[in-house]
Structures are given as C-alpha cells and as structure tokens.
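In what follows, a structure is listed as structure tokens, so that the remarks can point back to it.
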Amino acid sequence: MLTFTLRRLLLAIPILLVISLVIFLLVDLAPGSPMSEIPLTVPPDVRQRMIEALGADQPVFVRYLLWLKQFFWVEPMTLVDGWFGTTFAAGEQRILSWQSRSPVFTIIGQRIPQTLTVVGTAYLVGILIAVPIGIYSAYRQYSVFDQAGTLFAMIGFSVPTFFSGTLFIIIFAVWLGWFPTKYDTTLVVTDWDSFVQRIRQMALPVMTLGLANAAAISRYMRSSMLDNMAMDYVRTARAKGMSERVVVLRHVLRNSLIPVVTVIALGIPSIFGGAIITENLFGVNGIGAALIGAIHANDIPMVQTLAFIFAVLIVLFNLIADIIYGLLDPRIRYD
Amino acid sequence: MPDGAVPVLDVRGLKTVFRTRGGEVHAVNSVSFHLQPGELLGVVGESGSGKSVTMMSLIGLLPSPPAEVRAGEVLLDGRDLLKIGADELRDVRGAKIGFVFQDPMTSLNPVFTVGSQIMEPLTRHMGLTKAQARDRAAELLALVGIPDAKKRLKDYPHQFSGGMRQRVMIAIALACDPEVLIADEPTTALDVTIQAQIIELVKDLRQKLGMAIVWITHDLGVIAGIADRVMVMYGGQVVEQGPVRQLFSDPRHPYTRALLKTIPSLHGERAARLQAIEGQPPILNAAPVACPFRARCAHAHDRCQTENPQRRAVDGLAVGQGHDVACHWSPGGAA
Ligand SMILES: Nc1ncnc2c1ncn2[C@@H]1O[C@H](COP(=O)(O)OP(=O)(O)OP(=O)(O)O)[C@@H](O)[C@H]1O
Ligand SMILES: [Mg+2]
C-alpha cells in the first residue's frame, strides 16, 4: 500500500505539470485585459506602466515559469516563514492578484473558511441524511418510504440550486421569517448568541446544497445496498440464524459502503470549489464567489491559481479514494 | 433404515409458490419426506425440479415476497417450523439445521475474515465469548481439514481456493453441532478431484458427528456412493423414493429409469448428465392436475393426462418408509 501510494504520488507530478500548463495557456488565451476594470480616463502610457508593473507584458512562457516557481517554491516557503519566523521567501515576489494587488493565497486564505463551513457542512449533512435513507429504502424496496425517498431524490437531482435556494428564501426567510436571507460574512462567533446566529444564517444555504448532495448519495447508497442484498453471502448469513439487523447493518452495509465511500471521497474537492451559484445567492463570500469575481475582472493569476488548486485536489482525492477502497475491500491489493 | 424410529425431520405436504408478475410458479407441490437421525438422504432431479426451493422453504430462507409457503408441516423434533415465529426460526437456523450452498466462491462474505464468519453462529447460538468462539472456530477449521487452522482464521475468503472455501462453509454449517445438515449441490461448482475430497470429508464427518444429512445433487454416482435413501424429484414433486440399493436396482418411475440410463458406465465417458433426457421440463404455472412427466414419458396414457398420480408403496411398506413411486404406469405389476 505504501509503495502504491508513493508511486501514485510520483506519477501525479508530471500529470499536474501538464495540467498546470494547459490551465495557464487556456486562461491566458481567453480574451480580455487586466486593465478592463480601469477607467478609460487613465491615459495610455499610465496603463502601459501599470501592465508592466503587473508583469503582464512578459511572454506567456516567462510568466508560466515564474508562476511555477511562485506556486511551488515561494508560496510554500512564505507559509513556512509564517510558521517558524524564517526568511526563506524574503524578497521573493508572491503570486499577486491583478485585481486587488494582494497575494492570491492571502485572498484564498480569507475565503476558504466561509466555503468550508457552508459547503462542507452541507456535504456532511447530505451524507448523514442520505446514508440512512439509502439503507432503509433498499431494505424496504418499493415501500411507501422507498417511493418517498425516490421522489425526494428526483427533486434534489432535477431542481437547480438557484431555484430551490430562492424557494427556501421565500418560504423560510420571507414568509416564516425563521432564517435571515443573507449570510453575514463578518459575523464572528464569540458567545452563544452569535453562535446561534451563525447557525441560523447557515441554515438556508446548507439546506439548499444538502438537498442536492443527499439526493445523489442516497441513490448510490440504495443501489449499492440492493446489489449486495441479492448476494449469496446474505443468504449464508441468514442461514446462520443471524438477525436481520446483523444481516443488513453488518454484512450488507459493510460491502455496500465500499463504492459509496469512494464516491464521497471523490466529491470532496467540489467542496473546496465552493458552490458558485449558492454562494452568490446567499452572499456567502467564499471561494466560488472569489472565482466568479476574478473571472469578471480578468484576474488571470487568481483564476489560474484557483483552477490549479482544484486540479491538485482532484488528483489528490482520486488517490485517497483508491487508498480507502483498498482499506475497505480486502480483495484489493495494490502491491 | 431403522423402521419406526422417530425422525429428526418430518416434512409433510409442503407447497411453495412464487408470486411473480407473470403469475404463480408452483415450485414445490405437496412434497413429503422424513429424515432419520444420522441418515443421509440423497435428493436428485433435473434443474428446476424444486430441490433447492424445497429445502430453503423448510427454514424460511426464501425471499418473501415472492415466495410463499402455502401448506404443509415441517416437524423438527416434533415442532412445526412453519408455525413458529421469526425469532424462534432464527434460533433453529444455523443451530439445529446447517446449510451448505452450491457456490463457495460467493457464499462467504468477502469483507470479513473467515474466522469471524465461523464465530458468528457460535456467539449467536451457543453463547460463547469471543475467545471461546475463536478457539472453537480453529477446531472446526481443523476438523474440516484446513491445515494451520489457527493462523488461517485471520484470512479472508479470497485467500482460499474454491474447495477450501467449501470446507469453510461446511465448518460454518456444523459449527453449532446441528442435527441436520442440508447440502445443496455442495460439489457442483468444484472440479472433480476436489469434489471427491469434499465427499470424503462429509462421509468422515458424518461418522464422527452423527448428524443427519440431506444431499442434493445432479450426480447419481455420488448418491450411490454415500446415500442411505434417495428421493427423486420432478416438476416440484417427489416421483420416487426408496432405499438406495432398491431404487437403483429396481427403479419404477420412467423418469428415474431415464436418469439411471444417463449415468455414465464405468468405462464410458462422463458426458451424459440429466439433461440428456429428451423434452422440456414442465411449466409450473398452476397446481398440477396431471402427471408432470407425461409430456416426456413413453408410457403416458389417458389417465396420466387427467390425474396427478399419488405416491404409493412398491414393497408393501407404508409410503415414505420403504420404496414408493408416483406413477400410473408402474412396471412390475405392483399397481
Ligand atoms: N425467486 C423465484 N421466483 C420465481 N420462481 C422461482 C424463484 N426461485 C425459484 N423459482 C422456480 O422454482 C423452481 C424450482 O427451482 P429450484 O431452484 O428449487 O430448482 P433446483 O431443483 O434446485 O434446480 P437446480 O438443480 O438448478 O439447483 C424453478 O422452476 C424456478 O424457476
Ligand atoms: Mg438448486
């Protein structure tokens, strides 16, 4: 398993390099100028100097190599300096956002907590709802509960989040007044009251995203349970006189979780990607919102860096999913 | 066979029906048989004749729906298993009646160790502690001829060969010292030499432990070697039943005769199996009103079309005690 992991990590390096180049070129090819947000009254020579100051006038390969160095050396070293007070990255240029002129990673560091609390909680809530529903739906296939679960999943699948989110706002915020419509990013949890307020403002975006997540995962869980329920070993367990609880929650569930856990692990990078629409709808100032903002402003370094981080996460969680698969299924041996 | 001894298992008039979309399938029609302590009853019949369904009906192993046991009694030590509650029935399964299934490759749960799968019925039925159960599981593995038993408890099913897995299945079935072992084609999925080993093992275990055995097979050669009595099934019914020697030397039912002709001669090739009998197996979509074998029978006459023959004694003993046959045309002039 260890050699497998190391081999896969080594293999990831060339893959990620190719991905980074592709991302860099694609984003760079897109039309637009970093000056599009600058008022037209600014004279051309000033514009030119601003562009030079950003380094945007350099040929694309120079910028790519610089970005590589910044991403893989300067930024990690800045992090190390921050922790240990060392000066590895002193004087080095960090990746700067063209839009705000501040380091891209500082912005990401500010945005990530919002995204993780809202989108991450929604993912967790989705899993916690979906797994029991999937298990019980499969165990009582075609029952009223199962039919209701199917309907729920269909709604979760087919209704886009901008619609369900708006609907939730109308029902729970406008009509019932239970939750605020907007997510207040500046809220700091200091005491019980502010904690309750945090929970209340999280409720609607979490519900919106949780519903969509739960729909997909409950379907996976159900079909995986159904597949395994028909297996011979289930009959063996029954023939041994095991109770239904042991048969379903030990024998069947343990096997059914293998593909579901893998799917869940593969979905985790999307949490970091944020949920662009939902974040915008509720005013959550997260990564999704940052990405949209950067795209609008032609903030190429920001877009490139975010896109590449997602690529890294996807490669990483693919590896993690494979490792989990190997841990859960004794038949899989990677050596 | 000791006449008049109290049977451990006494099945009377068992009827099992599957309710399917296309209508009912009458898989088992008024099947009666009994099993004396320590006796080995061979059950033969072509594919679809209802052998497995009969045996699984006894201990409620069929999925319901679609299966429904319509009528009959299954007396184990005088108690009717069809009348007792689900919990009580679970106390019987794996404790008083052990089951070995056809396919050892799929009958064990792939994600649990062999040890834990043998230990389950031990802790469930015999109230053993984990440590006691582990010791007993090692004993059982040794008993079924797996070398290095203690170490192999920690192995997973995929680390065993097919024959070894079937030995594990037998160990599980015998874990709680059952009175009855039902082996449903335990060697069909194995190659010939392994088949012979498993048969030897069961013969040996029968000597040591003294349980009664129901052995389902397609292979009349196996029956001749190990069974005390034979029951021939066709179209969900018992068509002939009797002590091995008598039935082999003096078969009465045309189907049994055809079966015996398909046994390969000592030096002939093994190609001929039960399928060699011409014609199609009967369609079981209604309770039978005629002889199920009539369409393939060379001796069928008018009565066979209108009346389902009942089992009647061939040798003067009561039906079930000696040799009996369900045929309107029975040679030998006994009818
Ligand atoms: N779940 C089910 N639904 C409908 N019909 C079924 C079902 N299971 C079994 N049957 C029918 O019951 C009949 C008897 O099947 P059974 O499995 O007992 O045959 P068998 O004698 O064990 O055959 P084999 O030698 O192939 O194992 C068959 O006609 C089969 O089609
Ligand atoms: Mg069968």
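Lettering and numbering for the structure tokens are positional, with chains as A, B, ... in the shown order, residues counted from 1 in each chain, and ligands counted from 1 in the shown order.
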Interface, chain B side, toward chain A (7 Å; only C-alpha atoms) as an mmCIF file with C-alpha atoms, in the first residue's frame:
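So the final result, stored in selection_3.cif, reads:
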data_model
loop_
_atom_site.group_PDB
_atom_site.id
_atom_site.type_symbol
_atom_site.label_atom_id
_atom_site.label_comp_id
_atom_site.auth_asym_id
_atom_site.auth_seq_id
_atom_site.Cartn_x
_atom_site.Cartn_y
_atom_site.Cartn_z
ATOM 1 C CA LEU B 61 -34.700 -18.889 3.591
ATOM 2 C CA ARG B 90 -33.675 -17.917 13.597
ATOM 3 C CA ASP B 91 -32.740 -19.910 16.690
ATOM 4 C CA ARG B 93 -31.223 -21.844 11.570
ATOM 5 C CA GLY B 94 -27.549 -22.451 11.930
ATOM 6 C CA PHE B 99 -26.919 -25.245 5.332
ATOM 7 C CA THR B 106 -19.880 -16.271 -3.477
ATOM 8 C CA SER B 107 -21.343 -17.791 -0.328
ATOM 9 C CA LEU B 108 -18.847 -16.197 2.036
ATOM 10 C CA ASN B 109 -18.807 -12.506 2.791
ATOM 11 C CA VAL B 111 -15.008 -8.327 3.558
ATOM 12 C CA PRO B 121 -23.132 -18.566 14.780
ATOM 13 C CA HIS B 158 -10.411 -14.678 -1.371
#
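Close contacts of Tyr255 (chain B), defined as residues with an atom at most 10 Å away when counting only C-alpha atoms, with chain neighbours fewer than 4 positions off set aside, comprise Gly45, Val232, Met233, Tyr234, Val239, Glu240, Pro251, Leu259, Leu260, Lys261, Ile277, Phe293, Arg294, Arg296, Cys297, Ala298 and Cys327 of chain B.
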Interface rows for chain B against ligand 1: nearest pair, Å to one decimal, 10 Å, only C-alpha atoms and all ligand atoms, as a tab-separated table:
residue	atom	partner	partner_atom_place_in_ligand_line	distance
B:Thr16	CA	ligand 1	12 (O)	8.7
B:Val17	CA	ligand 1	5 (N)	8.0
B:Phe18	CA	ligand 1	4 (C)	5.1
B:Arg19	CA	ligand 1	4 (C)	7.0
B:Thr20	CA	ligand 1	4 (C)	6.1
B:Arg21	CA	ligand 1	4 (C)	9.2
B:Gly22	CA	ligand 1	4 (C)	9.4
B:Gly23	CA	ligand 1	4 (C)	9.4
B:Glu24	CA	ligand 1	4 (C)	8.0
B:Val25	CA	ligand 1	5 (N)	5.8
B:His26	CA	ligand 1	12 (O)	7.2
B:Ala27	CA	ligand 1	12 (O)	4.3
B:Val28	CA	ligand 1	14 (C)	7.2
B:Val43	CA	ligand 1	21 (O)	9.1
B:Val44	CA	ligand 1	21 (O)	8.0
B:Gly45	CA	ligand 1	21 (O)	6.2
B:Glu46	CA	ligand 1	25 (O)	5.6
B:Ser47	CA	ligand 1	26 (O)	3.5
B:Gly48	CA	ligand 1	19 (O)	3.4
B:Ser49	CA	ligand 1	21 (O)	3.9
B:Gly50	CA	ligand 1	18 (O)	3.1
B:Lys51	CA	ligand 1	21 (O)	3.8
B:Ser52	CA	ligand 1	22 (O)	3.7
B:Val53	CA	ligand 1	18 (O)	3.7
B:Thr54	CA	ligand 1	18 (O)	6.2
B:Met55	CA	ligand 1	18 (O)	8.0
B:Met56	CA	ligand 1	18 (O)	8.4
B:Ser57	CA	ligand 1	18 (O)	9.6
B:Leu62	CA	ligand 1	1 (N)	7.6
B:Pro63	CA	ligand 1	1 (N)	7.1
B:Ser64	CA	ligand 1	1 (N)	8.8
B:Pro65	CA	ligand 1	1 (N)	8.5
B:Pro66	CA	ligand 1	3 (N)	6.2
B:Ala67	CA	ligand 1	1 (N)	6.7
B:Phe101	CA	ligand 1	27 (O)	10.0
B:Gln102	CA	ligand 1	27 (O)	8.2
B:Asp184	CA	ligand 1	27 (O)	7.7
B:Glu185	CA	ligand 1	27 (O)	7.4
B:Thr188	CA	ligand 1	25 (O)	9.5
B:Ile216	CA	ligand 1	22 (O)	8.1
B:Thr217	CA	ligand 1	25 (O)	7.2
B:His218	CA	ligand 1	25 (O)	6.7
B:Met233	CA	ligand 1	21 (O)	7.7
B:Tyr234	CA	ligand 1	21 (O)	8.2
B:Gly235	CA	ligand 1	29 (O)	7.7
B:Gly236	CA	ligand 1	14 (C)	6.7
B:Leu274	CA	ligand 1	25 (O)	9.9
B:Pro281	CA	ligand 1	29 (O)	8.7
B:Pro282	CA	ligand 1	29 (O)	8.5
B:Ile283	CA	ligand 1	29 (O)	7.4
B:Leu284	CA	ligand 1	29 (O)	6.6
B:Asn285	CA	ligand 1	29 (O)	9.1
(request) as an NGL selection string, please: all residues of region 26-270 of chain B that backbone DSSP puts in strand (DSSP E or B). (result) :B and (26-35 or 40-44 or 67-76 or 79-80 or 93 or 97-100 or 180-184 or 212-216 or 229-234 or 237-243)
Can I get the selected residues back with C-alpha atoms, as a PDB file, in the first residue's frame?
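Here's the written file part05.pdb:
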ATOM      1  CA  HIS B  26     -45.812 -23.700  -8.257  1.00  0.00           C
ATOM      2  CA  ALA B  27     -42.280 -24.720  -7.463  1.00  0.00           C
ATOM      3  CA  VAL B  28     -42.991 -27.289  -4.749  1.00  0.00           C
ATOM      4  CA  ASN B  29     -46.153 -29.386  -4.763  1.00  0.00           C
ATOM      5  CA  SER B  30     -47.071 -31.497  -1.753  1.00  0.00           C
ATOM      6  CA  VAL B  31     -43.601 -32.729  -1.030  1.00  0.00           C
ATOM      7  CA  SER B  32     -43.296 -35.136   1.899  1.00  0.00           C
ATOM      8  CA  PHE B  33     -40.186 -36.775   3.240  1.00  0.00           C
ATOM      9  CA  HIS B  34     -38.537 -37.552   6.505  1.00  0.00           C
ATOM     10  CA  LEU B  35     -35.062 -37.918   7.809  1.00  0.00           C
ATOM     11  CA  LEU B  40     -28.134 -39.494   4.577  1.00  0.00           C
ATOM     12  CA  LEU B  41     -30.930 -38.735   2.147  1.00  0.00           C
ATOM     13  CA  GLY B  42     -29.916 -38.059  -1.438  1.00  0.00           C
ATOM     14  CA  VAL B  43     -32.132 -35.758  -3.470  1.00  0.00           C
ATOM     15  CA  VAL B  44     -31.866 -35.845  -7.250  1.00  0.00           C
ATOM     16  CA  ALA B  67     -42.051 -16.884  -2.185  1.00  0.00           C
ATOM     17  CA  GLU B  68     -44.967 -18.150  -0.152  1.00  0.00           C
ATOM     18  CA  VAL B  69     -45.151 -21.451   1.671  1.00  0.00           C
ATOM     19  CA  ARG B  70     -48.814 -22.331   1.163  1.00  0.00           C
ATOM     20  CA  ALA B  71     -49.260 -25.555   3.046  1.00  0.00           C
ATOM     21  CA  GLY B  72     -47.503 -28.288   4.893  1.00  0.00           C
ATOM     22  CA  GLU B  73     -45.739 -29.108   8.103  1.00  0.00           C
ATOM     23  CA  VAL B  74     -42.050 -29.169   8.817  1.00  0.00           C
ATOM     24  CA  LEU B  75     -41.563 -31.051  12.047  1.00  0.00           C
ATOM     25  CA  LEU B  76     -38.179 -30.793  13.664  1.00  0.00           C
ATOM     26  CA  ARG B  79     -42.089 -28.798  16.454  1.00  0.00           C
ATOM     27  CA  ASP B  80     -43.604 -27.314  13.288  1.00  0.00           C
ATOM     28  CA  ARG B  93     -31.223 -21.844  11.570  1.00  0.00           C
ATOM     29  CA  ILE B  97     -30.102 -27.114  10.827  1.00  0.00           C
ATOM     30  CA  GLY B  98     -26.909 -26.242   8.992  1.00  0.00           C
ATOM     31  CA  PHE B  99     -26.919 -25.245   5.332  1.00  0.00           C
ATOM     32  CA  VAL B 100     -24.164 -25.560   2.720  1.00  0.00           C
ATOM     33  CA  VAL B 180     -29.497 -31.853  10.265  1.00  0.00           C
ATOM     34  CA  LEU B 181     -27.076 -30.731   7.580  1.00  0.00           C
ATOM     35  CA  ILE B 182     -28.570 -29.693   4.260  1.00  0.00           C
ATOM     36  CA  ALA B 183     -26.017 -29.637   1.464  1.00  0.00           C
ATOM     37  CA  ASP B 184     -27.392 -28.101  -1.722  1.00  0.00           C
ATOM     38  CA  ALA B 212     -28.480 -36.470   9.504  1.00  0.00           C
ATOM     39  CA  ILE B 213     -27.761 -35.146   6.022  1.00  0.00           C
ATOM     40  CA  VAL B 214     -29.798 -34.100   3.030  1.00  0.00           C
ATOM     41  CA  TRP B 215     -27.520 -34.132  -0.006  1.00  0.00           C
ATOM     42  CA  ILE B 216     -28.837 -32.504  -3.154  1.00  0.00           C
ATOM     43  CA  ARG B 229     -32.049 -43.349   0.756  1.00  0.00           C
ATOM     44  CA  VAL B 230     -32.836 -41.453  -2.437  1.00  0.00           C
ATOM     45  CA  MET B 231     -35.649 -39.098  -3.278  1.00  0.00           C
ATOM     46  CA  VAL B 232     -36.199 -38.303  -6.947  1.00  0.00           C
ATOM     47  CA  MET B 233     -37.917 -35.009  -7.698  1.00  0.00           C
ATOM     48  CA  TYR B 234     -39.576 -33.898 -10.884  1.00  0.00           C
ATOM     49  CA  GLN B 237     -42.944 -33.283  -6.770  1.00  0.00           C
ATOM     50  CA  VAL B 238     -41.432 -36.417  -5.339  1.00  0.00           C
ATOM     51  CA  VAL B 239     -41.828 -39.010  -8.074  1.00  0.00           C
ATOM     52  CA  GLU B 240     -39.925 -41.854  -6.495  1.00  0.00           C
ATOM     53  CA  GLN B 241     -38.324 -42.549  -3.162  1.00  0.00           C
ATOM     54  CA  GLY B 242     -36.628 -45.523  -1.600  1.00  0.00           C
ATOM     55  CA  PRO B 243     -33.511 -47.121  -0.169  1.00  0.00           C
TER      56      PRO B 243
END
List the neighbours of Val159 (chain A) out to 9 Å using only C-alpha atoms; skip same-chain residues closer than 5 positions along the sequence, and give me the result as a short mmCIF file (atom, residue, chain, number, x, y, z; two decimals) with C-alpha atoms, in the first residue's frame.
data_model
loop_
_atom_site.label_atom_id
_atom_site.label_comp_id
_atom_site.auth_asym_id
_atom_site.auth_seq_id
_atom_site.Cartn_x
_atom_site.Cartn_y
_atom_site.Cartn_z
CA MET A 154 -35.62 13.11 -8.02
CA SER A 164 -34.54 25.59 -4.58
CA ALA A 212 -28.71 18.23 -3.79
#
(message) Which residues are near Thr181 (chain A)? Cut-off 9 Å, only C-alpha atoms, ignore same chain within fewer than 3 positions. Put them as a ChimeraX atom specification.
(response) /A:169-170,172-174,177,201,204,282-283
Just to be explicit: take each residue in the selection above, keep N, CA, C and O atoms, and write the result as an mmCIF file, in the first residue's frame.
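Wrote again-v7.cif, looks like this:
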data_model
loop_
_atom_site.group_PDB
_atom_site.id
_atom_site.type_symbol
_atom_site.label_atom_id
_atom_site.label_comp_id
_atom_site.auth_asym_id
_atom_site.auth_seq_id
_atom_site.Cartn_x
_atom_site.Cartn_y
_atom_site.Cartn_z
ATOM 1 N N ILE A 169 -35.614 30.653 0.421
ATOM 2 C CA ILE A 169 -35.588 32.033 0.925
ATOM 3 C C ILE A 169 -37.013 32.551 1.077
ATOM 4 O O ILE A 169 -37.393 33.095 2.108
ATOM 5 N N ILE A 170 -37.822 32.313 0.033
ATOM 6 C CA ILE A 170 -39.198 32.818 0.086
ATOM 7 C C ILE A 170 -39.954 32.183 1.245
ATOM 8 O O ILE A 170 -40.599 32.862 2.040
ATOM 9 N N PHE A 172 -38.799 30.214 4.008
ATOM 10 C CA PHE A 172 -38.285 30.221 5.380
ATOM 11 C C PHE A 172 -37.810 31.597 5.840
ATOM 12 O O PHE A 172 -37.803 31.882 7.025
ATOM 13 N N ALA A 173 -37.400 32.437 4.911
ATOM 14 C CA ALA A 173 -36.923 33.751 5.329
ATOM 15 C C ALA A 173 -38.027 34.795 5.201
ATOM 16 O O ALA A 173 -38.284 35.555 6.127
ATOM 17 N N VAL A 174 -38.713 34.803 4.050
ATOM 18 C CA VAL A 174 -39.704 35.861 3.833
ATOM 19 C C VAL A 174 -41.019 35.540 4.538
ATOM 20 O O VAL A 174 -41.509 36.299 5.366
ATOM 21 N N GLY A 177 -39.968 33.767 8.248
ATOM 22 C CA GLY A 177 -39.041 34.611 8.988
ATOM 23 C C GLY A 177 -38.136 33.865 9.953
ATOM 24 O O GLY A 177 -37.656 34.427 10.936
ATOM 25 N N GLN A 201 -27.950 31.620 10.024
ATOM 26 C CA GLN A 201 -27.637 32.127 8.683
ATOM 27 C C GLN A 201 -27.066 31.031 7.791
ATOM 28 O O GLN A 201 -27.105 31.130 6.573
ATOM 29 N N LEU A 204 -30.129 28.077 5.543
ATOM 30 C CA LEU A 204 -30.681 28.033 4.181
ATOM 31 C C LEU A 204 -29.682 27.563 3.133
ATOM 32 O O LEU A 204 -29.995 26.658 2.348
ATOM 33 N N PHE A 282 -26.740 33.471 -1.664
ATOM 34 C CA PHE A 282 -26.883 33.817 -0.254
ATOM 35 C C PHE A 282 -25.840 34.837 0.196
ATOM 36 O O PHE A 282 -25.790 35.187 1.364
ATOM 37 N N GLY A 283 -25.003 35.269 -0.724
ATOM 38 C CA GLY A 283 -23.993 36.247 -0.359
ATOM 39 C C GLY A 283 -22.909 35.665 0.525
ATOM 40 O O GLY A 283 -22.339 36.355 1.372
#
(message) What's around region 111-115 of chain A at 6 Å? Count only C-alpha atoms, leave out sequence neighbours fewer than 2 positions away in its own chain, and write the answer as an MDAnalysis selection string.
(response) chainID A and resid 108:109 117:119 274 286:287
(message) Could you list, as a list in words, every residue within 9 Å of region 191-199 of chain B, counting only C-alpha atoms and ignoring same-chain residues fewer than 2 positions away?
(response)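 Close residues of region 191-199 of chain B: Gly162, Gly163, Gln166, Arg167, Pro186, Thr187, Thr188, Ala189, Leu201, Val202, Lys203, Asp204, Val222 and Ile226 of chain B.
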(request) Just the helix (DSSP H, G or I) stuff from region 172-267 of chain B, please, per backbone DSSP, written as a ChimeraX atom specification. (result) /B:172-174,192-209,220-226,244-249,254-262
(message) Just checking: using only C-alpha atoms, which residue out of B:His328, B:Ala149, B:Arg312, B:Ala131 ends up closest to His299 (chain B)?
(response)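 Of the candidates, the smallest distance to His299 (chain B) is held by B:His328.
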(request) Considering only C-alpha atoms, return as an NGL selection string whatever protein or nucleic-acid residues lie within 12 Å of Pro31 (chain A), sequence-local ones (same chain, fewer than 2 positions apart) excluded. (result) :A and (25-29 or 33-34 or 36 or 295-300)
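One finds CA of Pro205 (chain A) at 17.9 Å from CA of Phe152 (chain A).
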(message) So, with only C-alpha atoms and all ligand atoms as the atoms that count, which of B:Gln207, B:Ala142, B:Asp103, B:Asp250 lies closest to ligand 2?
(response) B:Asp103
(request) Point out the residue among A:Ala294, A:Leu17, A:Ala30, A:Leu281 with the least atom-to-atom distance to Phe163 (chain A), counting only C-alpha atoms. (result)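 So, comparing all the options, the nearest one is A:Leu281.
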